[in-house]
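Here is the file input_21.cif (mmCIF, C-alpha atoms).
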data_protein
loop_
_atom_site.label_atom_id
_atom_site.label_comp_id
_atom_site.auth_asym_id
_atom_site.auth_seq_id
_atom_site.Cartn_x
_atom_site.Cartn_y
_atom_site.Cartn_z
CA MET A 1 -158.87 -72.36 179.52
CA PRO A 2 -162.58 -71.79 179.79
CA GLY A 3 -163.42 -73.04 176.28
CA LEU A 4 -162.10 -76.54 176.72
CA THR A 5 -163.13 -76.83 180.33
CA ALA A 6 -166.74 -75.89 179.54
CA ARG A 7 -166.94 -78.38 176.72
CA LEU A 8 -165.48 -81.17 178.81
CA ARG A 9 -167.92 -80.38 181.58
CA ALA A 10 -170.78 -80.58 179.11
CA ALA A 11 -169.47 -83.82 177.63
CA LEU A 12 -169.17 -85.51 181.02
CA CYS A 13 -172.07 -83.97 182.89
CA ALA A 14 -174.32 -87.01 182.51
CA SER A 15 -172.07 -88.94 184.87
CA GLY A 16 -171.57 -86.11 187.33
CA LEU A 17 -167.91 -86.09 186.34
CA THR A 18 -166.48 -82.61 185.87
CA VAL A 19 -163.11 -81.66 184.47
CA THR A 20 -160.85 -78.64 184.73
CA LEU A 21 -157.58 -78.18 182.86
CA ALA A 22 -154.37 -77.89 184.84
CA PHE A 23 -151.54 -79.17 182.68
CA SER A 24 -148.33 -77.57 183.87
CA MET A 25 -148.66 -78.56 187.53
CA SER A 26 -151.41 -80.22 189.51
CA VAL A 27 -152.07 -82.23 192.64
CA ALA A 28 -153.21 -85.68 191.49
CA HIS A 29 -155.17 -87.02 194.48
CA GLY A 30 -152.45 -85.93 196.85
CA ASN A 31 -149.53 -86.69 194.54
CA GLU A 32 -147.85 -83.70 192.96
CA THR A 33 -147.31 -84.33 189.26
CA THR A 34 -146.02 -82.47 186.26
CA ILE A 35 -146.12 -83.29 182.60
CA ASN A 36 -142.48 -83.53 181.64
CA GLU A 37 -142.09 -85.50 178.43
CA THR A 38 -139.38 -88.11 178.34
CA THR A 39 -138.31 -90.53 175.67
CA SER A 40 -139.82 -93.75 176.99
CA VAL A 41 -138.63 -97.12 175.73
CA GLY A 42 -140.19 -99.30 178.38
CA ARG A 43 -142.82 -99.51 181.06
CA VAL A 44 -144.29 -96.24 182.31
CA GLU A 45 -146.77 -95.84 185.19
CA LEU A 46 -148.94 -92.75 185.31
CA GLY A 47 -151.69 -91.41 187.57
CA ALA A 48 -152.64 -92.80 190.96
CA HIS A 49 -150.52 -95.25 192.93
CA VAL A 50 -151.79 -98.82 192.98
CA GLU A 51 -152.93 -98.52 196.61
CA GLU A 52 -155.06 -95.46 195.84
CA ALA A 53 -156.38 -96.28 192.37
CA ASP A 54 -160.02 -96.96 191.63
CA ALA A 55 -159.00 -98.73 188.43
CA THR A 56 -155.88 -99.95 186.66
CA ILE A 57 -155.77 -99.30 182.91
CA ALA A 58 -153.02 -101.09 180.97
CA CYS A 59 -152.08 -99.70 177.55
CA LEU A 60 -149.93 -101.15 174.79
CA TYR A 61 -148.16 -98.74 172.43
CA PRO A 62 -145.03 -98.92 170.28
CA MET A 63 -142.17 -97.08 171.95
CA THR A 64 -139.39 -98.27 169.66
CA GLY A 65 -138.98 -98.66 165.93
CA ARG A 66 -140.54 -96.81 163.00
CA SER A 67 -143.89 -96.27 164.74
CA ALA A 68 -142.48 -95.10 168.10
CA SER A 69 -143.83 -91.56 167.63
CA TYR A 70 -147.38 -92.91 167.95
CA GLY A 71 -146.58 -94.28 171.38
CA ARG A 72 -144.72 -91.11 172.33
CA ASP A 73 -147.65 -88.83 171.50
CA SER A 74 -150.18 -91.21 173.04
CA ILE A 75 -148.33 -91.12 176.36
CA VAL A 76 -148.39 -87.32 176.36
CA ALA A 77 -152.12 -87.36 175.65
CA ILE A 78 -152.73 -89.85 178.47
CA ARG A 79 -150.87 -87.53 180.83
CA MET A 80 -153.05 -84.66 179.66
CA ALA A 81 -156.24 -86.64 180.30
CA LEU A 82 -155.07 -87.68 183.76
CA GLU A 83 -154.23 -84.10 184.64
CA GLU A 84 -157.74 -83.06 183.71
CA LEU A 85 -159.34 -85.82 185.76
CA ALA A 86 -157.10 -85.07 188.74
CA THR A 87 -158.67 -81.64 189.24
CA ASP A 88 -162.07 -83.17 190.07
CA PRO A 89 -162.30 -84.93 193.46
CA GLU A 90 -165.29 -86.92 192.19
CA ALA A 91 -163.43 -88.36 189.21
CA PRO A 92 -162.18 -91.94 189.40
CA ARG A 93 -158.53 -92.24 190.30
CA LEU A 94 -156.85 -94.05 187.45
CA ARG A 95 -153.57 -95.90 187.48
CA VAL A 96 -152.37 -96.17 183.87
CA ILE A 97 -149.59 -98.53 182.85
CA VAL A 98 -148.02 -98.16 179.40
CA ASP A 99 -145.51 -100.57 177.92
CA ASP A 100 -143.85 -101.14 174.56
CA SER A 101 -145.86 -103.44 172.29
CA ARG A 102 -142.92 -103.60 169.85
CA SER A 103 -145.66 -103.83 167.16
CA LYS A 104 -145.54 -107.61 167.57
CA ALA A 105 -148.75 -109.59 168.07
CA SER A 106 -147.45 -112.59 170.04
CA PHE A 107 -145.34 -110.39 172.30
CA SER A 108 -148.30 -108.07 172.94
CA VAL A 109 -150.63 -110.93 173.83
CA ARG A 110 -148.14 -112.14 176.44
CA MET A 111 -147.83 -108.59 177.75
CA ALA A 112 -151.60 -108.24 177.98
CA GLU A 113 -151.77 -111.54 179.87
CA ASP A 114 -149.21 -110.19 182.34
CA PHE A 115 -151.17 -106.96 182.69
CA ILE A 116 -154.26 -108.96 183.66
CA GLU A 117 -152.57 -111.53 185.88
CA GLN A 118 -149.73 -109.63 187.51
CA ASP A 119 -150.90 -106.01 187.45
CA LYS A 120 -154.58 -106.86 187.97
CA ALA A 121 -155.52 -104.56 185.10
CA ASN A 122 -159.23 -103.86 184.92
CA ILE A 123 -159.18 -102.55 181.34
CA LEU A 124 -156.76 -102.86 178.42
CA CYS A 125 -156.28 -99.99 175.99
CA GLY A 126 -154.22 -98.51 173.19
CA ILE A 127 -152.54 -100.40 170.30
CA VAL A 128 -151.39 -98.96 166.97
CA SER A 129 -150.92 -102.02 164.75
CA SER A 130 -154.15 -103.69 163.58
CA GLY A 131 -152.45 -107.07 163.65
CA VAL A 132 -151.62 -106.53 167.32
CA GLY A 133 -155.10 -105.14 167.96
CA MET A 134 -156.83 -108.23 166.55
CA ALA A 135 -154.66 -110.59 168.58
CA VAL A 136 -155.19 -108.72 171.87
CA SER A 137 -158.92 -108.39 171.13
CA ARG A 138 -159.19 -112.18 170.91
CA LEU A 139 -157.49 -112.44 174.28
CA ALA A 140 -159.85 -109.81 175.74
CA ARG A 141 -162.82 -111.83 174.53
CA GLN A 142 -161.43 -115.00 176.07
CA ARG A 143 -160.64 -113.29 179.37
CA ARG A 144 -163.83 -111.17 179.38
CA THR A 145 -161.70 -108.09 179.87
CA ILE A 146 -162.64 -104.78 178.23
CA LEU A 147 -160.25 -103.55 175.53
CA VAL A 148 -160.57 -99.93 174.41
CA GLY A 149 -158.72 -99.55 171.12
CA THR A 150 -157.43 -96.02 170.61
CA ASP A 151 -155.60 -96.16 167.28
CA HIS A 152 -155.53 -99.40 165.25
CA ALA A 153 -158.16 -99.30 162.54
CA SER A 154 -159.05 -102.62 160.88
CA SER A 155 -162.83 -102.71 160.58
CA ARG A 156 -162.69 -106.48 161.06
CA ALA A 157 -162.16 -105.85 164.78
CA THR A 158 -165.66 -104.40 165.16
CA LEU A 159 -167.43 -106.24 162.33
CA GLU A 160 -166.34 -109.84 161.65
CA GLU A 161 -164.70 -110.25 165.04
CA GLY A 162 -166.65 -107.68 167.03
CA HIS A 163 -167.51 -108.86 170.52
CA ARG A 164 -168.94 -107.66 173.78
CA TYR A 165 -165.64 -106.61 175.35
CA TYR A 166 -164.04 -104.70 172.49
CA PHE A 167 -164.56 -100.96 171.87
CA ARG A 168 -162.76 -98.52 169.57
CA VAL A 169 -162.53 -94.74 170.01
CA SER A 170 -160.90 -93.72 166.71
CA SER A 171 -162.04 -94.01 163.11
CA ASP A 172 -161.70 -97.37 161.39
CA THR A 173 -160.97 -98.44 157.82
CA TRP A 174 -164.65 -98.67 156.95
CA HIS A 175 -165.51 -95.10 157.96
CA SER A 176 -162.40 -93.54 156.43
CA HIS A 177 -162.71 -95.43 153.16
CA ALA A 178 -166.48 -94.94 152.94
CA ALA A 179 -165.68 -91.23 153.10
CA GLY A 180 -162.92 -91.82 150.55
CA ALA A 181 -165.33 -93.56 148.19
CA ARG A 182 -167.69 -90.58 148.47
CA TYR A 183 -164.80 -88.25 147.65
CA LEU A 184 -163.82 -90.36 144.65
CA GLN A 185 -167.43 -90.41 143.49
CA GLU A 186 -167.46 -86.61 143.45
CA LEU A 187 -164.02 -86.49 141.84
CA GLN A 188 -165.20 -88.80 139.09
CA GLN A 189 -168.07 -86.45 138.33
CA GLU A 190 -165.52 -83.63 137.97
CA SER A 191 -162.66 -85.40 136.18
CA GLY A 192 -164.09 -88.58 134.70
CA TRP A 193 -161.40 -90.84 136.17
CA ARG A 194 -161.91 -94.60 135.65
CA LYS A 195 -158.74 -96.54 136.56
CA ILE A 196 -157.75 -97.10 140.17
CA ALA A 197 -154.92 -98.93 141.91
CA PHE A 198 -154.19 -99.63 145.57
CA LEU A 199 -150.93 -99.86 147.51
CA GLY A 200 -151.00 -100.92 151.13
CA PRO A 201 -149.02 -102.83 153.74
CA ASP A 202 -149.27 -106.59 153.48
CA TYR A 203 -150.95 -107.31 156.79
CA GLU A 204 -154.32 -106.96 158.50
CA TYR A 205 -154.73 -103.21 158.13
CA GLY A 206 -153.81 -102.89 154.46
CA ARG A 207 -155.82 -105.89 153.30
CA VAL A 208 -158.96 -104.79 155.13
CA ALA A 209 -158.58 -101.17 153.97
CA TRP A 210 -158.57 -102.31 150.32
CA ARG A 211 -161.60 -104.54 150.86
CA ASP A 212 -163.47 -101.71 152.59
CA LEU A 213 -162.67 -99.26 149.79
CA GLN A 214 -163.83 -101.67 147.08
CA GLU A 215 -167.03 -102.42 148.97
CA ALA A 216 -167.72 -98.72 149.50
CA LEU A 217 -167.08 -97.88 145.84
CA ASP A 218 -169.59 -100.55 144.85
CA LEU A 219 -172.06 -99.32 147.48
CA TYR A 220 -171.99 -95.80 146.03
CA GLY A 221 -172.08 -97.04 142.45
CA VAL A 222 -168.66 -95.71 141.48
CA SER A 223 -167.74 -97.30 138.17
CA HIS A 224 -164.04 -98.20 138.11
CA GLU A 225 -161.38 -100.49 136.70
CA VAL A 226 -158.72 -101.88 139.01
CA THR A 227 -155.31 -101.76 137.34
CA GLY A 228 -153.45 -103.37 140.22
CA SER A 229 -153.02 -103.89 143.95
CA TYR A 230 -149.56 -103.75 145.52
CA TRP A 231 -148.49 -105.21 148.85
CA PRO A 232 -145.15 -104.09 150.31
CA LYS A 233 -144.30 -105.44 153.73
CA LEU A 234 -144.79 -103.22 156.77
CA TYR A 235 -141.76 -100.94 157.27
CA GLU A 236 -140.57 -101.61 153.71
CA PRO A 237 -137.45 -99.49 153.05
CA ASP A 238 -137.55 -99.53 149.23
CA TYR A 239 -140.68 -98.94 147.11
CA SER A 240 -138.89 -98.68 143.78
CA LEU A 241 -140.29 -101.89 142.30
CA TYR A 242 -143.86 -100.87 143.17
CA ILE A 243 -143.33 -97.39 141.78
CA GLN A 244 -141.92 -98.79 138.55
CA SER A 245 -144.92 -101.09 138.15
CA LEU A 246 -147.29 -98.16 138.68
CA LEU A 247 -145.44 -96.12 136.08
CA GLU A 248 -145.68 -98.95 133.57
CA SER A 249 -149.44 -99.32 134.07
CA PRO A 250 -150.58 -95.98 135.53
CA PRO A 251 -154.04 -95.65 137.07
CA ASP A 252 -155.95 -92.39 137.17
CA VAL A 253 -156.08 -92.63 140.98
CA LEU A 254 -153.72 -94.45 143.32
CA VAL A 255 -155.06 -95.04 146.84
CA VAL A 256 -152.29 -95.62 149.38
CA ALA A 257 -152.84 -97.14 152.82
CA LEU A 258 -149.27 -96.83 154.07
CA TRP A 259 -148.94 -94.94 157.34
CA GLY A 260 -146.34 -93.08 159.34
CA GLY A 261 -142.76 -93.41 158.14
CA ASP A 262 -143.81 -95.86 155.45
CA PHE A 263 -146.05 -93.29 153.76
CA THR A 264 -143.35 -90.63 154.03
CA ALA A 265 -140.77 -92.98 152.50
CA PHE A 266 -143.09 -93.83 149.62
CA ILE A 267 -143.81 -90.14 148.90
CA ASP A 268 -140.10 -89.26 149.02
CA GLN A 269 -139.22 -92.04 146.61
CA ALA A 270 -142.16 -91.48 144.27
CA ARG A 271 -141.56 -87.75 143.95
CA THR A 272 -138.22 -88.42 142.24
CA THR A 273 -140.19 -89.99 139.38
CA ARG A 274 -143.09 -88.94 137.11
CA LEU A 275 -145.63 -90.75 139.30
CA PHE A 276 -147.43 -87.63 140.50
CA ASP A 277 -147.65 -86.33 136.93
CA LEU A 278 -149.53 -89.44 135.86
CA MET A 279 -152.02 -90.03 138.68
CA ARG A 280 -153.76 -88.54 141.70
CA VAL A 281 -152.54 -90.06 144.96
CA ALA A 282 -154.94 -90.39 147.91
CA ASN A 283 -154.54 -91.61 151.48
CA PHE A 284 -157.91 -91.48 153.24
CA ASP A 285 -157.03 -92.75 156.72
CA THR A 286 -153.54 -91.69 157.78
CA GLY A 287 -151.88 -89.56 155.10
CA GLY A 288 -153.09 -86.26 156.56
CA ASP A 289 -151.36 -86.85 159.88
CA TYR A 290 -149.34 -83.86 161.10
CA GLU A 291 -146.03 -85.74 160.85
CA SER A 292 -146.75 -86.68 157.23
CA LEU A 293 -147.64 -83.08 156.40
CA ALA A 294 -144.44 -81.83 158.01
CA ALA A 295 -142.44 -84.28 155.89
CA LEU A 296 -143.92 -82.87 152.66
CA GLY A 297 -141.89 -79.66 152.96
CA GLU A 298 -142.84 -76.42 151.23
CA THR A 299 -143.67 -77.96 147.85
CA PRO A 300 -145.71 -81.16 148.21
CA PRO A 301 -146.35 -83.26 145.12
CA GLU A 302 -149.27 -82.14 143.00
CA GLY A 303 -152.60 -83.87 143.33
CA LEU A 304 -152.39 -85.31 146.84
CA ILE A 305 -155.71 -86.10 148.54
CA LEU A 306 -155.32 -86.73 152.28
CA SER A 307 -157.13 -87.37 155.53
CA ALA A 308 -156.38 -88.69 159.02
CA ARG A 309 -158.10 -89.70 162.24
CA HIS A 310 -157.49 -86.24 163.68
CA HIS A 311 -156.35 -82.93 162.20
CA VAL A 312 -154.54 -80.06 163.88
CA ASN A 313 -156.62 -77.48 161.94
CA TRP A 314 -160.01 -79.20 161.56
CA PRO A 315 -162.56 -78.77 162.92
CA ASP A 316 -161.96 -75.13 163.76
CA THR A 317 -163.58 -75.37 167.19
CA ALA A 318 -162.50 -74.11 170.57
CA LEU A 319 -162.11 -77.68 171.79
CA ASN A 320 -159.78 -78.73 168.98
CA ARG A 321 -157.76 -75.50 169.10
CA GLN A 322 -157.25 -75.89 172.84
CA PHE A 323 -156.28 -79.56 172.53
CA VAL A 324 -153.71 -78.89 169.82
CA SER A 325 -152.25 -75.77 171.39
CA ARG A 326 -151.98 -77.34 174.83
CA PHE A 327 -150.20 -80.38 173.44
CA HIS A 328 -147.79 -78.00 171.72
CA GLU A 329 -147.21 -76.00 174.90
CA LEU A 330 -146.32 -79.19 176.74
CA THR A 331 -144.05 -80.75 174.12
CA GLY A 332 -142.93 -78.07 171.67
CA ARG A 333 -144.50 -79.95 168.76
CA TYR A 334 -147.93 -80.68 167.34
CA PRO A 335 -149.71 -84.00 167.91
CA ASN A 336 -150.06 -86.83 165.47
CA TYR A 337 -153.52 -88.37 165.24
CA SER A 338 -152.80 -91.09 167.79
CA ALA A 339 -152.79 -88.49 170.57
CA GLN A 340 -156.48 -87.65 170.23
CA GLY A 341 -157.34 -91.35 170.32
CA ALA A 342 -155.39 -91.93 173.53
CA TRP A 343 -156.88 -88.80 175.12
CA ALA A 344 -160.36 -89.95 174.15
CA GLY A 345 -159.76 -93.45 175.45
CA ILE A 346 -158.84 -92.36 178.96
CA LEU A 347 -161.73 -89.90 179.27
CA ILE A 348 -164.24 -92.40 177.91
CA ILE A 349 -163.05 -95.04 180.36
CA ALA A 350 -163.27 -92.52 183.22
CA LYS A 351 -166.79 -91.56 182.25
CA ALA A 352 -167.93 -95.17 182.14
CA ILE A 353 -166.39 -95.85 185.57
CA ALA A 354 -168.13 -92.77 186.98
CA LEU A 355 -171.46 -93.98 185.60
CA VAL A 356 -171.07 -97.52 186.94
CA GLY A 357 -169.25 -96.77 190.18
CA ASP A 358 -167.33 -100.05 190.21
CA VAL A 359 -164.87 -100.93 187.45
CA THR A 360 -164.87 -104.59 188.49
CA ASP A 361 -168.49 -104.92 187.35
CA THR A 362 -167.41 -105.67 183.80
CA GLU A 363 -170.88 -106.31 182.40
CA ALA A 364 -172.17 -103.01 183.78
CA MET A 365 -169.10 -101.28 182.30
CA VAL A 366 -169.89 -102.78 178.89
CA GLU A 367 -173.44 -101.50 179.10
CA ALA A 368 -172.22 -98.04 180.11
CA LEU A 369 -169.81 -97.88 177.17
CA GLU A 370 -172.46 -98.95 174.67
CA GLY A 371 -173.96 -95.73 173.34
CA LEU A 372 -171.75 -93.52 175.53
CA GLU A 373 -171.48 -89.93 174.27
CA ILE A 374 -168.51 -87.62 174.69
CA GLN A 375 -167.47 -84.50 172.84
CA LEU A 376 -163.99 -84.78 171.38
CA PRO A 377 -161.56 -82.50 169.53
CA LYS A 378 -162.47 -84.22 166.25
CA ASP A 379 -166.16 -83.28 166.54
CA PRO A 380 -167.50 -80.47 164.31
CA GLU A 381 -169.55 -77.79 165.99
CA GLY A 382 -172.89 -79.18 167.13
CA TYR A 383 -171.89 -82.86 166.96
CA VAL A 384 -170.99 -85.20 169.83
CA SER A 385 -169.14 -88.48 169.29
CA TYR A 386 -170.77 -91.65 170.53
CA ILE A 387 -169.98 -95.35 170.64
CA ASP A 388 -172.36 -97.36 168.49
CA ALA A 389 -174.08 -99.96 170.65
CA THR A 390 -174.07 -102.59 167.90
CA THR A 391 -170.50 -102.38 166.62
CA HIS A 392 -168.78 -100.71 169.61
CA GLN A 393 -167.15 -98.37 167.07
CA ILE A 394 -167.05 -94.63 167.75
CA ILE A 395 -169.10 -92.69 165.20
CA GLN A 396 -167.45 -89.52 163.90
CA ALA A 397 -167.43 -87.27 160.85
CA GLN A 398 -164.60 -87.56 158.34
CA ALA A 399 -162.88 -84.63 156.61
CA ILE A 400 -160.76 -85.03 153.46
CA GLY A 401 -158.59 -82.25 152.03
CA THR A 402 -155.60 -81.28 149.95
CA PRO A 403 -152.32 -79.63 151.03
CA VAL A 404 -152.29 -75.84 151.17
CA ALA A 405 -149.45 -73.54 152.21
CA SER A 406 -149.44 -72.50 155.87
CA GLN A 407 -146.94 -71.20 158.42
CA GLU A 408 -149.30 -71.76 161.37
CA TYR A 409 -147.97 -75.14 162.56
CA PRO A 410 -144.18 -75.20 162.07
CA PRO A 411 -142.12 -77.06 161.12
CA ALA A 412 -144.89 -78.12 158.72
CA ARG A 413 -145.18 -75.74 155.79
CA VAL A 414 -148.54 -77.08 154.63
CA VAL A 415 -151.81 -78.08 156.25
CA LEU A 416 -154.89 -79.60 154.74
CA GLY A 417 -157.55 -77.34 153.26
CA ASN A 418 -160.21 -77.40 150.57
CA TRP A 419 -162.12 -79.64 152.92
CA LYS A 420 -164.90 -82.00 152.00
CA VAL A 421 -166.68 -83.19 155.13
CA TYR A 422 -168.80 -86.34 155.37
CA ASP A 423 -171.19 -86.50 158.30
CA ALA A 424 -170.88 -89.30 160.80
CA GLU A 425 -174.27 -90.94 160.41
CA SER A 426 -173.94 -91.27 156.63
CA LEU A 427 -170.75 -93.32 157.03
CA LYS A 428 -172.06 -95.93 159.45
CA PRO A 429 -172.17 -99.46 158.07
CA SER A 430 -175.75 -100.54 157.44
CA PRO A 431 -177.36 -103.29 159.53
CA SER A 432 -177.30 -105.57 156.49
CA LEU A 433 -173.57 -104.94 155.94
CA ILE A 434 -172.85 -105.65 159.61
CA GLU A 435 -174.85 -108.87 159.52
CA ARG A 436 -173.24 -110.00 156.28
CA ARG A 437 -169.72 -109.24 157.50
CA ARG A 438 -170.32 -110.99 160.79
CA GLY A 439 -172.18 -113.87 159.20
CA ARG A 440 -174.65 -113.72 162.07
CA SER A 441 -177.08 -111.30 163.70
CA GLY A 442 -174.66 -109.72 166.17
CA GLY A 443 -171.33 -109.83 167.96
CA GLY A 444 -171.27 -112.13 170.96
#
Since I need it in another form, could you write the structure as structure tokens?
Amino acid sequence: MPGLTARLRAALCASGLTVTLAFSMSVAHGNETTINETTSVGRVELGAHVEEADATIACLYPMTGRSASYGRDSIVAIRMALEELATDPEAPRLRVIVDDSRSKASFSVRMAEDFIEQDKANILCGIVSSGVGMAVSRLARQRRTILVGTDHASSRATLEEGHRYYFRVSSDTWHSHAAGARYLQELQQESGWRKIAFLGPDYEYGRVAWRDLQEALDLYGVSHEVTGSYWPKLYEPDYSLYIQSLLESPPDVLVVALWGGDFTAFIDQARTTRLFDLMRVANFDTGGDYESLAALGETPPEGLILSARHHVNWPDTALNRQFVSRFHELTGRYPNYSAQGAWAGILIIAKAIALVGDVTDTEAMVEALEGLEIQLPKDPEGYVSYIDATTHQIIQAQAIGTPVASQEYPPARVVLGNWKVYDAESLKPSPSLIERRRGRSGGG
């Protein structure tokens, strides 16, 4: 796979770390390994044995419940990243532990404590739920242990509560909803919409997403009237009361921040009503995930506006095509967006270790991660992702589209098209916004 290998070599060359793909079978530092996907519902250990490892990375992902597919795909992506690293004798030998977070904050904090104390984890990673992410981030700050967030998205983790030991390698609610506000600004110029409503899960992620969208709309001068905000619980099975309320007081645009099975359930229930006849429905952060697109069937509701933290068909680069196709070859399905975050997290950690040479030098690792560049499947041609030194948030472009018919990625019968792309630098929070949100000059 020369395309992906060359790009990975270029992305990692600053550290002297080179990568070659060998997914179906490889020798991982003397240990023969294959990527054979299993349905994991508990602790999984991947990579080097503890006696041989240069670093122990401990990851928390949901493996059970409604969000289990995010953990499933993240584990596959971690295996892929380890296979790549294993082909280079100069790469750090990583031991990666993954266990089921159960999407519960208190349980995950105890698990992270055990990772640090019992498994001697050098770095924590992963996490899907923003509520879990915030709780584990506070522990990481207390323990001065690096946490690399690969999926959860509340911007509060890098802004209000940003600190020296927390980094995130996937888009957050600020970047996705700043792009969403730009899209709505352009849509308003075309259609003249004025009324907007919001529906999101009643916890950290949903509340922050709504605040970020409102702030971004004001920043871009988008005149609007809020007709309502609706707060179903996470994993709500029945959205009928919210749908009825929206039908009684319909906005021009409904922005939804539900994700995964929750978003699918809402769409399925709403499409039995006149909701999509009365308003445009947008989901700027998660709604364009492959699994959500597959659930839309051949005839998605009219007027959907969607995006996600990674897309199977954007950008149309060799790196993204190889990532998506290789994941499919290994599993027989296409990845949800959490996979790219997990893949990125492992490679970014490996690059930082290669630069520092000693993972136990935590302060040097922090300095290596600040500003670190690495080319990822989400990057458009000519752009390289990097971690902002001030916020520790990865800076990436955002693409927003609408469903179009396609047979290229079955079982999905639609993909996103009609793209509008917002460049990475234009979406960064300004220094004044960062200072105001933090209430101080920087994150300690």
Residue members of the PyMOL selection byres ((chain A and resi 63) around 12) in the file shown, as a ChimeraX atom specification: /A:38-44,59-62,64-75,98-104,127-128
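Remark: for Arg437 of chain A, the closest of the candidate residues A:Ser137, A:Ser155, A:Thr272, A:Thr56 is A:Ser155 (distances computed over all atoms listed in the file).
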So that I can see what lies close to segment 367-380 of chain A, please list as a compact mmCIF listing (two decimals) with C-alpha atoms, in the frame of the given file the residues with an atom at most 7 Å from it, counting all atoms listed in the file and leaving out residues fewer than 4 positions away in the same chain.
# COMPACT_ATOMS: atom_id res chain seq x y z
CA ALA A 11 -169.47 -83.82 177.63
CA LEU A 12 -169.17 -85.51 181.02
CA HIS A 310 -157.49 -86.24 163.68
CA PRO A 315 -162.56 -78.77 162.92
CA LEU A 319 -162.11 -77.68 171.79
CA ASN A 320 -159.78 -78.73 168.98
CA PHE A 323 -156.28 -79.56 172.53
CA ALA A 344 -160.36 -89.95 174.15
CA ALA A 352 -167.93 -95.17 182.14
CA LEU A 355 -171.46 -93.98 185.60
CA VAL A 356 -171.07 -97.52 186.94
CA GLU A 363 -170.88 -106.31 182.40
CA VAL A 384 -170.99 -85.20 169.83
CA SER A 385 -169.14 -88.48 169.29
CA TYR A 386 -170.77 -91.65 170.53
CA ILE A 387 -169.98 -95.35 170.64
CA ASP A 388 -172.36 -97.36 168.49
CA ALA A 389 -174.08 -99.96 170.65
CA HIS A 392 -168.78 -100.71 169.61
CA GLN A 396 -167.45 -89.52 163.90
For the PyMOL selection byres ((chain A and resi 400) around 9), applied here, can you spell out every residue it catches as a PyMOL selection string? chain A and resi 179-180+183+284+288+305-308+398-399+401-402+416-422
One residue among A:Ala270, A:Ala157, A:Ala112, A:Ala424 is nearest to Leu139 of chain A when using only C-alpha atoms, and that residue is A:Ala112
Which distance in Å separates atom CA of Ala294 of chain A and atom CA of Arg413 of chain A, to one decimal?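 Atom CA of Arg413 of chain A lies at a distance of 6.5 Å from atom CA of Ala294 of chain A.
The gap separating atom CA of Asn313 of chain A from atom CA of Ser292 of chain A is 14.3 Å, in Å to one decimal.
With all atoms listed in the file as the basis for measurement, A:Leu258 is the residue among A:Val222, A:Leu304, A:Leu258, A:Ala364 that approaches Tyr239 of chain A most closely.
With all atoms listed in the file as the basis for measurement, A:Ala153 is the residue among A:Val415, A:Val136, A:Ala153, A:Ala91 that approaches Ala257 of chain A most closely.
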Excluding segment 115-123 of chain A and residues on its chain fewer than 3 positions from it, collect all residues at most 8 Å away from it, counting all atoms listed in the file, and give them as a ChimeraX atom specification. /A:55-58,111-112,145-148,359-360
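Here atom CA of Pro403 of chain A stands at a distance of 9.4 Å from atom CA of Thr299 of chain A.
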Counting all atoms listed in the file, what is within 10 Å of Thr391 of chain A, bar same-chain residues fewer than 3 positions away, as a list of chain:residue names? A:Ser155, A:Ala157, A:Thr158, A:Leu159, A:Glu160, A:Glu161, A:Gly162, A:His163, A:Arg164, A:Tyr166, A:Phe167, A:Arg168, A:Glu370, A:Ile387, A:Asp388, A:Ile394, A:Ile395, A:Lys428, A:Pro429, A:Pro431, A:Ile434, A:Gly442, A:Gly443
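With all atoms listed in the file as the atoms that count, the minimum distance from Leu187 of chain A to the choices A:Val253, A:Leu241, A:Ala339, A:Val414 is reached by A:Val253.
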Which residue out of A:Glu225, A:Asp316, A:Asp423, A:Asp151 has the minimum interatomic distance to Gly126 of chain A when all atoms listed in the file are used?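 Ranking A:Glu225, A:Asp316, A:Asp423, A:Asp151 by distance to Gly126 of chain A, first place goes to A:Asp151.
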Box for segment 324-331 of chain A: with edges along x, y and z, all listed atoms inside and 5 Å added on each side, what are the centre and edge lengths in Å to one decimal, as JSON?
{"center_x": -148.9, "center_y": -78.3, "center_z": 173.3, "size_x": 19.7, "size_y": 15.0, "size_z": 16.9}
Write out as a ChimeraX atom specification which residues come within 9 Å of segment 300-302 of chain A when counting all atoms listed in the file, dropping same-chain ones fewer than 5 positions away. /A:267,271,276-277,280-281,293,295,403-404,414
Give me the residues within 8 Å of Asp172 of chain A as an mmCIF file with C-alpha atoms, in the frame of the given file, counting only C-alpha atoms and dropping any in the same chain fewer than 3 places off.
data_model
loop_
_atom_site.group_PDB
_atom_site.id
_atom_site.type_symbol
_atom_site.label_atom_id
_atom_site.label_comp_id
_atom_site.auth_asym_id
_atom_site.auth_seq_id
_atom_site.Cartn_x
_atom_site.Cartn_y
_atom_site.Cartn_z
ATOM 1 C CA HIS A 152 -155.530 -99.400 165.250
ATOM 2 C CA ALA A 153 -158.160 -99.300 162.540
ATOM 3 C CA SER A 154 -159.050 -102.620 160.880
ATOM 4 C CA SER A 155 -162.830 -102.710 160.580
ATOM 5 C CA HIS A 175 -165.510 -95.100 157.960
ATOM 6 C CA SER A 176 -162.400 -93.540 156.430
ATOM 7 C CA GLN A 393 -167.150 -98.370 167.070
#
Using the chain letters and numbers from this file, what does the PyMOL selection byres ((chain A and resi 201) around 12) select? Give the answer as a PyMOL selection string. chain A and resi 129-131+198-200+202-210+229-236+239+242+256-260+262-263+266
